[in-house]
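Listing of upload-v9.cif, mmCIF, C-alpha atoms; chains and numbers go by the auth columns
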```cif
data_target
#
loop_
_atom_site.group_PDB
_atom_site.id
_atom_site.type_symbol
_atom_site.label_atom_id
_atom_site.label_comp_id
_atom_site.label_asym_id
_atom_site.label_seq_id
_atom_site.Cartn_x
_atom_site.Cartn_y
_atom_site.Cartn_z
_atom_site.B_iso_or_equiv
_atom_site.auth_seq_id
_atom_site.auth_asym_id
ATOM 1 C CA GLY A 1 -0.943 -16.247 -8.466 0.00 1 A
ATOM 2 C CA ASP A 2 0.127 -12.684 -9.060 0.00 2 A
ATOM 3 C CA SER A 3 3.459 -11.483 -7.722 0.00 3 A
ATOM 4 C CA VAL A 4 5.669 -8.390 -7.686 0.00 4 A
ATOM 5 C CA THR A 5 9.440 -8.565 -7.280 0.00 5 A
ATOM 6 C CA GLN A 6 11.504 -5.530 -6.354 0.00 6 A
ATOM 7 C CA MET A 7 15.237 -5.154 -5.983 0.00 7 A
ATOM 8 C CA GLU A 8 16.339 -5.492 -2.403 0.00 8 A
ATOM 9 C CA GLY A 9 17.630 -2.474 -0.586 0.00 9 A
ATOM 10 C CA PRO A 10 18.773 -0.370 0.880 0.00 10 A
ATOM 11 C CA VAL A 11 19.822 1.637 -2.133 0.00 11 A
ATOM 12 C CA THR A 12 22.309 4.291 -1.030 0.00 12 A
ATOM 13 C CA LEU A 13 23.090 7.238 -3.330 0.00 13 A
ATOM 14 C CA SER A 14 24.685 10.635 -3.191 0.00 14 A
ATOM 15 C CA GLU A 15 22.578 13.696 -3.933 0.00 15 A
ATOM 16 C CA GLU A 16 22.111 14.349 -7.689 0.00 16 A
ATOM 17 C CA ALA A 17 22.868 10.712 -8.597 0.00 17 A
ATOM 18 C CA PHE A 18 20.706 8.743 -11.040 0.00 18 A
ATOM 19 C CA LEU A 19 18.198 6.353 -9.495 0.00 19 A
ATOM 20 C CA THR A 20 16.811 3.082 -10.810 0.00 20 A
ATOM 21 C CA ILE A 21 14.679 0.731 -8.726 0.00 21 A
ATOM 22 C CA ASN A 22 13.780 -2.445 -10.591 0.00 22 A
ATOM 23 C CA CYS A 23 10.313 -3.978 -10.488 0.00 23 A
ATOM 24 C CA THR A 24 9.068 -7.026 -12.360 0.00 24 A
ATOM 25 C CA TYR A 25 5.700 -8.678 -12.108 0.00 25 A
ATOM 26 C CA THR A 26 3.820 -11.884 -12.817 0.00 26 A
ATOM 27 C CA ALA A 27 0.155 -11.590 -13.721 0.00 27 A
ATOM 28 C CA THR A 28 -2.241 -12.607 -16.447 0.00 28 A
ATOM 29 C CA GLY A 29 -3.610 -10.080 -18.870 0.00 29 A
ATOM 30 C CA TYR A 30 -2.869 -6.395 -18.484 0.00 30 A
ATOM 31 C CA PRO A 31 -2.750 -5.344 -14.838 0.00 31 A
ATOM 32 C CA SER A 32 -2.501 -1.727 -13.724 0.00 32 A
ATOM 33 C CA LEU A 33 0.910 -0.904 -12.238 0.00 33 A
ATOM 34 C CA PHE A 34 1.746 1.530 -9.455 0.00 34 A
ATOM 35 C CA TRP A 35 4.635 2.998 -7.519 0.00 35 A
ATOM 36 C CA TYR A 36 3.921 4.141 -3.971 0.00 36 A
ATOM 37 C CA VAL A 37 6.277 6.023 -1.646 0.00 37 A
ATOM 38 C CA GLN A 38 6.337 5.820 2.153 0.00 38 A
ATOM 39 C CA TYR A 39 8.170 8.519 4.098 0.00 39 A
ATOM 40 C CA PRO A 40 9.275 7.692 7.655 0.00 40 A
ATOM 41 C CA GLY A 41 6.354 7.411 10.053 0.00 41 A
ATOM 42 C CA GLU A 42 3.722 7.934 7.369 0.00 42 A
ATOM 43 C CA GLY A 43 1.333 5.914 5.229 0.00 43 A
ATOM 44 C CA LEU A 44 1.865 5.160 1.558 0.00 44 A
ATOM 45 C CA GLN A 45 1.260 7.792 -1.098 0.00 45 A
ATOM 46 C CA LEU A 46 0.739 7.139 -4.780 0.00 46 A
ATOM 47 C CA LEU A 47 3.785 8.319 -6.715 0.00 47 A
ATOM 48 C CA LEU A 48 2.778 7.322 -10.252 0.00 48 A
ATOM 49 C CA LYS A 49 0.823 4.721 -12.180 0.00 49 A
ATOM 50 C CA ALA A 50 0.322 3.207 -15.626 0.00 50 A
ATOM 51 C CA THR A 51 -2.723 1.301 -16.795 0.00 51 A
ATOM 52 C CA LYS A 52 -1.711 -0.111 -20.166 0.00 52 A
ATOM 53 C CA ALA A 53 1.341 -1.326 -22.030 0.00 53 A
ATOM 54 C CA ASP A 54 3.882 1.343 -23.098 0.00 54 A
ATOM 55 C CA ASP A 55 2.258 3.957 -20.835 0.00 55 A
ATOM 56 C CA LYS A 56 4.722 6.130 -18.929 0.00 56 A
ATOM 57 C CA GLY A 57 3.774 7.345 -15.487 0.00 57 A
ATOM 58 C CA SER A 58 5.571 10.409 -14.131 0.00 58 A
ATOM 59 C CA ASN A 59 5.475 12.621 -11.058 0.00 59 A
ATOM 60 C CA LYS A 60 7.958 14.802 -9.119 0.00 60 A
ATOM 61 C CA GLY A 61 10.772 13.907 -11.529 0.00 61 A
ATOM 62 C CA PHE A 62 10.183 10.160 -11.188 0.00 62 A
ATOM 63 C CA GLU A 63 9.247 8.068 -14.226 0.00 63 A
ATOM 64 C CA ALA A 64 8.305 4.456 -14.939 0.00 64 A
ATOM 65 C CA THR A 65 7.289 2.794 -18.205 0.00 65 A
ATOM 66 C CA TYR A 66 4.931 -0.205 -18.435 0.00 66 A
ATOM 67 C CA ARG A 67 6.862 -2.826 -20.415 0.00 67 A
ATOM 68 C CA LYS A 68 4.627 -5.781 -21.246 0.00 68 A
ATOM 69 C CA GLU A 69 7.336 -7.643 -23.164 0.00 69 A
ATOM 70 C CA THR A 70 9.641 -7.723 -20.121 0.00 70 A
ATOM 71 C CA THR A 71 6.838 -7.572 -17.494 0.00 71 A
ATOM 72 C CA SER A 72 8.644 -4.668 -15.845 0.00 72 A
ATOM 73 C CA PHE A 73 7.893 -1.244 -14.380 0.00 73 A
ATOM 74 C CA HIS A 74 11.250 0.155 -13.282 0.00 74 A
ATOM 75 C CA LEU A 75 11.305 3.451 -11.373 0.00 75 A
ATOM 76 C CA GLU A 76 13.842 6.092 -12.446 0.00 76 A
ATOM 77 C CA LYS A 77 14.844 9.602 -11.471 0.00 77 A
ATOM 78 C CA GLY A 78 17.605 11.601 -13.073 0.00 78 A
ATOM 79 C CA SER A 79 18.827 13.487 -9.999 0.00 79 A
ATOM 80 C CA VAL A 80 17.810 12.421 -6.495 0.00 80 A
ATOM 81 C CA GLN A 81 17.568 14.713 -3.491 0.00 81 A
ATOM 82 C CA VAL A 82 17.950 14.021 0.214 0.00 82 A
ATOM 83 C CA SER A 83 14.186 14.537 0.526 0.00 83 A
ATOM 84 C CA ASP A 84 13.624 11.495 -1.735 0.00 84 A
ATOM 85 C CA SER A 85 14.855 9.209 1.062 0.00 85 A
ATOM 86 C CA ALA A 86 11.927 6.853 1.671 0.00 86 A
ATOM 87 C CA VAL A 87 10.671 3.328 1.010 0.00 87 A
ATOM 88 C CA TYR A 88 9.300 2.705 -2.491 0.00 88 A
ATOM 89 C CA PHE A 89 6.698 0.025 -3.224 0.00 89 A
ATOM 90 C CA CYS A 90 5.797 -1.393 -6.608 0.00 90 A
ATOM 91 C CA ALA A 91 2.266 -2.802 -6.878 0.00 91 A
ATOM 92 C CA LEU A 92 -0.167 -4.246 -9.378 0.00 92 A
ATOM 93 C CA LEU A 93 -3.937 -4.444 -9.624 0.00 93 A
ATOM 94 C CA PRO A 94 -5.165 -7.328 -11.783 0.00 94 A
ATOM 95 C CA SER A 95 -7.198 -6.656 -14.889 0.00 95 A
ATOM 96 C CA GLY A 96 -10.755 -7.881 -15.292 0.00 96 A
ATOM 97 C CA GLY A 97 -12.148 -6.228 -12.205 0.00 97 A
ATOM 98 C CA SER A 98 -10.349 -6.907 -8.935 0.00 98 A
ATOM 99 C CA TYR A 99 -10.151 -5.262 -5.562 0.00 99 A
ATOM 100 C CA ILE A 100 -7.089 -7.123 -4.333 0.00 100 A
ATOM 101 C CA PRO A 101 -3.745 -5.512 -5.205 0.00 101 A
ATOM 102 C CA THR A 102 -0.374 -7.202 -4.873 0.00 102 A
ATOM 103 C CA PHE A 103 2.521 -5.234 -3.384 0.00 103 A
ATOM 104 C CA GLY A 104 6.233 -5.795 -3.627 0.00 104 A
ATOM 105 C CA ARG A 105 8.299 -5.931 -0.432 0.00 105 A
ATOM 106 C CA GLY A 106 9.534 -2.359 -0.766 0.00 106 A
ATOM 107 C CA THR A 107 12.943 -0.841 -1.491 0.00 107 A
ATOM 108 C CA SER A 108 14.520 1.580 0.939 0.00 108 A
ATOM 109 C CA LEU A 109 16.313 4.557 -0.645 0.00 109 A
ATOM 110 C CA ILE A 110 18.851 6.570 1.350 0.00 110 A
ATOM 111 C CA VAL A 111 20.236 9.734 -0.227 0.00 111 A
ATOM 112 C CA HIS A 112 23.288 11.379 1.345 0.00 112 A
ATOM 113 C CA PRO A 113 24.137 15.088 0.925 0.00 113 A
ATOM 114 C CA ASN B 1 -10.749 17.172 3.740 0.00 114 B
ATOM 115 C CA ALA B 2 -9.018 15.219 6.487 0.00 115 B
ATOM 116 C CA GLY B 3 -8.539 12.292 4.096 0.00 116 B
ATOM 117 C CA VAL B 4 -8.110 8.918 5.824 0.00 117 B
ATOM 118 C CA THR B 5 -7.749 9.051 9.608 0.00 118 B
ATOM 119 C CA GLN B 6 -6.781 6.214 11.943 0.00 119 B
ATOM 120 C CA THR B 7 -6.880 5.877 15.718 0.00 120 B
ATOM 121 C CA PRO B 8 -5.025 5.067 17.861 0.00 121 B
ATOM 122 C CA LYS B 9 -1.527 5.770 16.529 0.00 122 B
ATOM 123 C CA PHE B 10 0.074 3.306 18.896 0.00 123 B
ATOM 124 C CA GLN B 11 -1.314 0.531 21.106 0.00 124 B
ATOM 125 C CA VAL B 12 0.117 -2.117 23.405 0.00 125 B
ATOM 126 C CA LEU B 13 -2.025 -5.183 24.151 0.00 126 B
ATOM 127 C CA LYS B 14 -1.590 -8.313 26.180 0.00 127 B
ATOM 128 C CA THR B 15 -2.195 -11.688 24.549 0.00 128 B
ATOM 129 C CA GLY B 16 -5.904 -12.475 24.558 0.00 129 B
ATOM 130 C CA GLN B 17 -7.124 -8.882 24.833 0.00 130 B
ATOM 131 C CA SER B 18 -9.488 -7.450 22.273 0.00 131 B
ATOM 132 C CA MET B 19 -9.490 -4.069 20.623 0.00 132 B
ATOM 133 C CA THR B 20 -10.829 -2.115 17.672 0.00 133 B
ATOM 134 C CA LEU B 21 -8.709 -0.083 15.291 0.00 134 B
ATOM 135 C CA GLN B 22 -10.689 2.830 13.925 0.00 135 B
ATOM 136 C CA CYS B 23 -10.591 4.111 10.341 0.00 136 B
ATOM 137 C CA ALA B 24 -12.609 6.927 8.816 0.00 137 B
ATOM 138 C CA GLN B 25 -12.555 8.769 5.472 0.00 138 B
ATOM 139 C CA ASP B 26 -14.365 11.911 4.376 0.00 139 B
ATOM 140 C CA MET B 27 -13.931 11.551 0.609 0.00 140 B
ATOM 141 C CA ASN B 28 -17.125 9.535 0.013 0.00 141 B
ATOM 142 C CA HIS B 29 -15.053 6.618 -1.264 0.00 142 B
ATOM 143 C CA GLU B 30 -16.873 3.354 -1.833 0.00 143 B
ATOM 144 C CA TYR B 31 -13.832 1.124 -1.364 0.00 144 B
ATOM 145 C CA MET B 32 -12.027 0.749 1.967 0.00 145 B
ATOM 146 C CA SER B 33 -9.409 -1.753 3.042 0.00 146 B
ATOM 147 C CA TRP B 34 -7.096 -2.814 5.851 0.00 147 B
ATOM 148 C CA TYR B 35 -3.462 -3.886 5.385 0.00 148 B
ATOM 149 C CA ARG B 36 -0.762 -5.015 7.711 0.00 149 B
ATOM 150 C CA GLN B 37 2.871 -4.141 7.085 0.00 150 B
ATOM 151 C CA ASP B 38 5.613 -6.355 8.449 0.00 151 B
ATOM 152 C CA PRO B 39 9.374 -5.978 7.896 0.00 152 B
ATOM 153 C CA GLY B 40 10.452 -7.488 4.568 0.00 153 B
ATOM 154 C CA MET B 41 6.884 -8.520 3.723 0.00 154 B
ATOM 155 C CA GLY B 42 5.427 -5.473 2.018 0.00 155 B
ATOM 156 C CA LEU B 43 1.718 -4.863 2.550 0.00 156 B
ATOM 157 C CA ARG B 44 -0.758 -7.692 2.903 0.00 157 B
ATOM 158 C CA LEU B 45 -4.507 -7.179 2.536 0.00 158 B
ATOM 159 C CA ILE B 46 -6.585 -8.258 5.558 0.00 159 B
ATOM 160 C CA HIS B 47 -10.166 -7.309 4.645 0.00 160 B
ATOM 161 C CA TYR B 48 -11.834 -4.953 2.259 0.00 161 B
ATOM 162 C CA SER B 49 -15.241 -3.420 1.549 0.00 162 B
ATOM 163 C CA VAL B 50 -16.783 -2.103 -1.662 0.00 163 B
ATOM 164 C CA GLY B 51 -19.618 -0.294 0.087 0.00 164 B
ATOM 165 C CA ALA B 52 -21.716 -0.064 3.223 0.00 165 B
ATOM 166 C CA GLY B 53 -22.895 -3.503 4.302 0.00 166 B
ATOM 167 C CA ILE B 54 -20.434 -5.341 2.021 0.00 167 B
ATOM 168 C CA THR B 55 -17.145 -6.833 3.221 0.00 168 B
ATOM 169 C CA ASP B 56 -14.819 -9.537 1.968 0.00 169 B
ATOM 170 C CA GLN B 57 -11.621 -11.288 2.982 0.00 170 B
ATOM 171 C CA GLY B 58 -8.196 -10.437 1.682 0.00 171 B
ATOM 172 C CA GLU B 59 -4.957 -12.384 1.839 0.00 172 B
ATOM 173 C CA VAL B 60 -4.574 -12.689 5.642 0.00 173 B
ATOM 174 C CA PRO B 61 -8.036 -12.414 7.307 0.00 174 B
ATOM 175 C CA ASN B 62 -7.649 -14.886 10.184 0.00 175 B
ATOM 176 C CA GLY B 63 -7.933 -13.299 13.632 0.00 176 B
ATOM 177 C CA TYR B 64 -9.579 -10.137 12.326 0.00 177 B
ATOM 178 C CA ASN B 65 -13.196 -9.031 11.878 0.00 178 B
ATOM 179 C CA VAL B 66 -14.605 -6.019 10.049 0.00 179 B
ATOM 180 C CA SER B 67 -17.953 -4.362 9.449 0.00 180 B
ATOM 181 C CA ARG B 68 -19.065 -1.448 7.278 0.00 181 B
ATOM 182 C CA SER B 69 -22.234 0.160 8.584 0.00 182 B
ATOM 183 C CA THR B 70 -21.541 3.559 6.988 0.00 183 B
ATOM 184 C CA THR B 71 -19.608 4.770 3.950 0.00 184 B
ATOM 185 C CA GLU B 72 -17.221 6.729 6.182 0.00 185 B
ATOM 186 C CA ASP B 73 -16.138 4.161 8.777 0.00 186 B
ATOM 187 C CA PHE B 74 -14.409 0.785 8.515 0.00 187 B
ATOM 188 C CA PRO B 75 -13.255 -0.524 11.923 0.00 188 B
ATOM 189 C CA LEU B 76 -10.950 -3.527 12.303 0.00 189 B
ATOM 190 C CA ARG B 77 -11.497 -5.777 15.321 0.00 190 B
ATOM 191 C CA LEU B 78 -9.028 -8.092 16.981 0.00 191 B
ATOM 192 C CA LEU B 79 -11.092 -10.458 19.126 0.00 192 B
ATOM 193 C CA SER B 80 -8.209 -12.186 20.930 0.00 193 B
ATOM 194 C CA ALA B 81 -4.841 -10.598 20.217 0.00 194 B
ATOM 195 C CA ALA B 82 -1.794 -12.778 19.578 0.00 195 B
ATOM 196 C CA PRO B 83 1.905 -11.824 19.374 0.00 196 B
ATOM 197 C CA SER B 84 1.799 -12.696 15.649 0.00 197 B
ATOM 198 C CA GLN B 85 -0.517 -9.710 15.190 0.00 198 B
ATOM 199 C CA THR B 86 2.223 -7.290 16.200 0.00 199 B
ATOM 200 C CA SER B 87 2.465 -5.102 13.118 0.00 200 B
ATOM 201 C CA VAL B 88 1.727 -1.721 11.600 0.00 201 B
ATOM 202 C CA TYR B 89 -1.829 -1.498 10.284 0.00 202 B
ATOM 203 C CA PHE B 90 -2.871 0.777 7.439 0.00 203 B
ATOM 204 C CA CYS B 91 -6.348 1.673 6.322 0.00 204 B
ATOM 205 C CA ALA B 92 -6.899 2.840 2.740 0.00 205 B
ATOM 206 C CA SER B 93 -9.796 4.083 0.650 0.00 206 B
ATOM 207 C CA SER B 94 -10.506 4.750 -3.003 0.00 207 B
ATOM 208 C CA LYS B 95 -13.262 5.401 -5.470 0.00 208 B
ATOM 209 C CA THR B 96 -14.444 2.485 -7.535 0.00 209 B
ATOM 210 C CA SER B 97 -14.934 2.455 -11.280 0.00 210 B
ATOM 211 C CA GLY B 98 -15.769 -0.295 -13.727 0.00 211 B
ATOM 212 C CA GLY B 99 -15.731 -2.990 -11.093 0.00 212 B
ATOM 213 C CA THR B 100 -12.320 -2.157 -9.711 0.00 213 B
ATOM 214 C CA GLN B 101 -10.683 0.374 -7.456 0.00 214 B
ATOM 215 C CA GLU B 102 -8.909 3.579 -8.436 0.00 215 B
ATOM 216 C CA THR B 103 -5.975 5.234 -6.674 0.00 216 B
ATOM 217 C CA GLN B 104 -5.813 4.327 -2.995 0.00 217 B
ATOM 218 C CA TYR B 105 -5.366 6.914 -0.235 0.00 218 B
ATOM 219 C CA PHE B 106 -3.685 5.597 2.910 0.00 219 B
ATOM 220 C CA GLY B 107 -4.054 6.595 6.529 0.00 220 B
ATOM 221 C CA PRO B 108 -1.006 7.300 8.752 0.00 221 B
ATOM 222 C CA GLY B 109 -1.070 3.843 10.342 0.00 222 B
ATOM 223 C CA THR B 110 -1.561 2.232 13.750 0.00 223 B
ATOM 224 C CA ARG B 111 1.441 0.567 15.351 0.00 224 B
ATOM 225 C CA LEU B 112 0.301 -2.429 17.430 0.00 225 B
ATOM 226 C CA LEU B 113 2.445 -4.372 19.890 0.00 226 B
ATOM 227 C CA VAL B 114 1.038 -7.578 21.401 0.00 227 B
ATOM 228 C CA LEU B 115 2.931 -8.899 24.410 0.00 228 B
#
```
Show me this structure written as structure tokens.
Amino acid sequence: GDSVTQMEGPVTLSEEAFLTINCTYTATGYPSLFWYVQYPGEGLQLLLKATKADDKGSNKGFEATYRKETTSFHLEKGSVQVSDSAVYFCALLPSGGSYIPTFGRGTSLIVHP
Amino acid sequence: NAGVTQTPKFQVLKTGQSMTLQCAQDMNHEYMSWYRQDPGMGLRLIHYSVGAGITDQGEVPNGYNVSRSTTEDFPLRLLSAAPSQTSVYFCASSKTSGGTQETQYFGPGTRLLVL
């Protein structure tokens, strides 16, 4: 079946550091890929998405590129802020018409001043 | 728009009790779903619906019932609560297009403790 693997956290960084959170997936065909963010005490919010190979999703300084050859969708940000502290989830939605997404286990990011 | 709303925010139950978690959305979304979130497990889909009168099982449906009588509401019922159902529950909704769902919007969650 489909699966999403994220790097385990927590990831701890100083403000203005470079961020990478790795995400790889297993799925047939060309799934849609997503990054969601969950701030403390809240539900998930879509951060960015990509629906086909080589697409780059971007939002709020975060970027991720859909790499079919490496089945990856790594999240990056050039300069993190304390306000970016949250849990980040990578997810996929299978191609061919599906209503059942698969989520990774989440990666906690802690940014210190 | 209020988006996706969930009630209650927090609930404590005794084993064997029943309860209904409420979810409503005002975005006229066809698709609605329920997830549970457990530490280190990510989100797991319980049930989902692609429109009023249509529901289907997700990854972990046992112990939960749902119905969808209106587009706006999608309640989740626990008929006989068990400690294994202690979790945080999220409702989500989205538009549908081409036989699949678009971006999901999540509610703030219901934290459930079963003693």
| field | Result set of the PyMOL selection byres ((chain A) within 7 of (chain B)) on the coordinates above, as number ranges by chain | value | A: 42-45, 97-100, 103-106
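If you count all atoms listed in the file and ignore residues fewer than 2 places along the chain from Leu126 in chain B, what sits within 9 Å of it is B:Gln124, B:Thr128, B:Gly129, B:Gln130, B:Ser131, B:Met132, B:Ala194, B:Ala195, B:Leu225, B:Leu226, B:Val227, B:Leu228.
Here CA of Asp55 in chain A is placed at a distance of 10.0 Å from CA of Leu33 in chain A.
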| request: Please write the residues picked by the PyMOL selection byres ((chain B and resi 177) around 7) on this file as a count of residues only. | output: 9
| So which one's closest to Phe73 in chain A, A:Pro101, A:Pro31, A:Pro94, A:Gly61? Using only C-alpha atoms, please. | A:Pro31
Test item: residues at most 12 Å from range 13-22 of chain A, only C-alpha atoms, excluding those fewer than 4 positions along its chain, as a PDB file with C-alpha atoms, in the frame of the given file:
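This is the output file selection-v5.pdb:
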```
ATOM      1  CA  VAL A   4       5.669  -8.390  -7.686  1.00  0.00           C
ATOM      2  CA  THR A   5       9.440  -8.565  -7.280  1.00  0.00           C
ATOM      3  CA  GLN A   6      11.504  -5.530  -6.354  1.00  0.00           C
ATOM      4  CA  MET A   7      15.237  -5.154  -5.983  1.00  0.00           C
ATOM      5  CA  GLU A   8      16.339  -5.492  -2.403  1.00  0.00           C
ATOM      6  CA  GLY A   9      17.630  -2.474  -0.586  1.00  0.00           C
ATOM      7  CA  TRP A  35       4.635   2.998  -7.519  1.00  0.00           C
ATOM      8  CA  GLY A  61      10.772  13.907 -11.529  1.00  0.00           C
ATOM      9  CA  PHE A  62      10.183  10.160 -11.188  1.00  0.00           C
ATOM     10  CA  GLU A  63       9.247   8.068 -14.226  1.00  0.00           C
ATOM     11  CA  ALA A  64       8.305   4.456 -14.939  1.00  0.00           C
ATOM     12  CA  THR A  65       7.289   2.794 -18.205  1.00  0.00           C
ATOM     13  CA  THR A  70       9.641  -7.723 -20.121  1.00  0.00           C
ATOM     14  CA  THR A  71       6.838  -7.572 -17.494  1.00  0.00           C
ATOM     15  CA  SER A  72       8.644  -4.668 -15.845  1.00  0.00           C
ATOM     16  CA  PHE A  73       7.893  -1.244 -14.380  1.00  0.00           C
ATOM     17  CA  HIS A  74      11.250   0.155 -13.282  1.00  0.00           C
ATOM     18  CA  LEU A  75      11.305   3.451 -11.373  1.00  0.00           C
ATOM     19  CA  GLU A  76      13.842   6.092 -12.446  1.00  0.00           C
ATOM     20  CA  LYS A  77      14.844   9.602 -11.471  1.00  0.00           C
ATOM     21  CA  GLY A  78      17.605  11.601 -13.073  1.00  0.00           C
ATOM     22  CA  SER A  79      18.827  13.487  -9.999  1.00  0.00           C
ATOM     23  CA  VAL A  80      17.810  12.421  -6.495  1.00  0.00           C
ATOM     24  CA  GLN A  81      17.568  14.713  -3.491  1.00  0.00           C
ATOM     25  CA  VAL A  82      17.950  14.021   0.214  1.00  0.00           C
ATOM     26  CA  SER A  83      14.186  14.537   0.526  1.00  0.00           C
ATOM     27  CA  ASP A  84      13.624  11.495  -1.735  1.00  0.00           C
ATOM     28  CA  SER A  85      14.855   9.209   1.062  1.00  0.00           C
ATOM     29  CA  VAL A  87      10.671   3.328   1.010  1.00  0.00           C
ATOM     30  CA  TYR A  88       9.300   2.705  -2.491  1.00  0.00           C
ATOM     31  CA  PHE A  89       6.698   0.025  -3.224  1.00  0.00           C
ATOM     32  CA  CYS A  90       5.797  -1.393  -6.608  1.00  0.00           C
ATOM     33  CA  GLY A 104       6.233  -5.795  -3.627  1.00  0.00           C
ATOM     34  CA  GLY A 106       9.534  -2.359  -0.766  1.00  0.00           C
ATOM     35  CA  THR A 107      12.943  -0.841  -1.491  1.00  0.00           C
ATOM     36  CA  SER A 108      14.520   1.580   0.939  1.00  0.00           C
ATOM     37  CA  LEU A 109      16.313   4.557  -0.645  1.00  0.00           C
ATOM     38  CA  ILE A 110      18.851   6.570   1.350  1.00  0.00           C
ATOM     39  CA  VAL A 111      20.236   9.734  -0.227  1.00  0.00           C
ATOM     40  CA  HIS A 112      23.288  11.379   1.345  1.00  0.00           C
ATOM     41  CA  PRO A 113      24.137  15.088   0.925  1.00  0.00           C
TER      42      PRO A 113
END
```
How big is the axis-aligned box around the listed atoms of range 45-51 of chain A once 8 Å is added on each side, and where is its centre? Give both in Å to one decimal, as lines of an AutoDock Vina configuration file.
```
center_x = 0.5
center_y = 4.8
center_z = -8.9
size_x = 22.5
size_y = 23.0
size_z = 31.7
```
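Here CA of Glu143 in chain B and CA of Lys122 in chain B stand 24.1 Å from one another.
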| If we count only C-alpha atoms, what is near Gly166 in chain B at a cut-off of 8 Å, once residues fewer than 6 positions away on the same chain are taken out, given as a ChimeraX atom specification? | /B:180-183
| query | If you measure from CA of Pro121 in chain B to CA of Leu47 in chain A, what distance in Å do you get, rounded to one decimal? | reply | 26.3 Å
